[in-house]
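What follows is a set of notes on a single structure, which appears directly below.
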Amino acid sequence: MILPDPIVFSKPLHVWLGILTLLFILLQISVGKRIIKIPFWWHRKVIWKIILVLAIIHGFYGFEIYFLS
């Protein structure tokens, strides 16, 4: 494996990254629909970058586990 896959609270890191990505996507939808009241610039400038980084790392772990192990 290229990246180590540490165990965090009895689950591998890629599982936690997937859960965090899902939570941030739900936050992004909630902010966009104005359900959660935080400044809208977070919706446009911050949250999507966090989602992108988490999804890329999560996807790389999944690709590595499925194809490279």
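How things are named: the first chain in the structure tokens is A, the next is B, and so on; residues count from 1 in each chain; ligands count from 1 in the order shown.
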Identify, with DSSP run on backbone atoms, the residues in chain A assigned to alpha helix (DSSP H), and express the list as a PyMOL selection string.
chain A and resi 13-32+40-41+47-67
Please run DSSP on the backbone and report, as JSON, numbers by chain, all residues within chain A that come out as strand (DSSP E).
{"A": [7, 8, 11, 12]}
Contacts of Val46 (chain A) at 12 Å or less, counting only C-alpha atoms, minus same-chain residues fewer than 5 places along, as a PyMOL selection string?
chain A and resi 24+27-28+31+38-41+51-53
For those residues, write N, CA and C atoms to a file as a compact mmCIF listing (two decimals), in the first residue's frame.
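Output (out-v1.txt):
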```
# COMPACT_ATOMS: atom_id res chain seq x y z
N PHE A 24 -20.13 16.54 5.49
CA PHE A 24 -19.90 17.84 4.88
C PHE A 24 -20.81 18.07 3.67
N LEU A 27 -24.00 19.12 5.17
CA LEU A 27 -23.86 20.51 5.63
C LEU A 27 -23.95 21.47 4.46
N GLN A 28 -23.31 21.13 3.35
CA GLN A 28 -23.34 21.98 2.16
C GLN A 28 -24.76 22.14 1.63
N VAL A 31 -26.77 24.36 4.12
CA VAL A 31 -26.44 25.78 4.00
C VAL A 31 -27.03 26.35 2.72
N ILE A 38 -25.47 29.85 8.54
CA ILE A 38 -24.09 30.30 8.65
C ILE A 38 -23.84 31.20 7.45
N PRO A 39 -22.80 32.02 7.50
CA PRO A 39 -22.56 32.93 6.38
C PRO A 39 -22.48 32.19 5.05
N PHE A 40 -23.12 32.74 4.03
CA PHE A 40 -23.23 32.05 2.75
C PHE A 40 -21.88 31.91 2.06
N TRP A 41 -20.91 32.78 2.37
CA TRP A 41 -19.59 32.66 1.74
C TRP A 41 -18.91 31.36 2.15
N ILE A 51 -14.78 19.44 1.19
CA ILE A 51 -15.40 18.25 0.59
C ILE A 51 -14.51 17.68 -0.50
N LEU A 52 -13.96 18.55 -1.33
CA LEU A 52 -13.11 18.10 -2.43
C LEU A 52 -11.87 17.36 -1.91
N VAL A 53 -11.21 17.92 -0.90
CA VAL A 53 -10.01 17.29 -0.35
C VAL A 53 -10.36 15.95 0.30
```
At what distance in Å, to one decimal, does CA of His43 (chain A) lie from CA of Val15 (chain A)?
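Rounded to one decimal, the two atoms are 24.5 Å apart.
Restricting the calculation to only C-alpha atoms, the smallest distance between Ile56 (chain A) and any of A:Thr21, A:Ser10, A:Ser69, A:Ser30 is found for A:Thr21.
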Can you tell me, as a list of chain:residue names, what residues are no more than 12 Å from Phe67 (chain A) when counting only C-alpha atoms, ignoring any on the same chain fewer than 6 positions away?
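Result of the neighbour search: A:Met1, A:Ile2, A:Gly59, A:Phe60, A:Tyr61.
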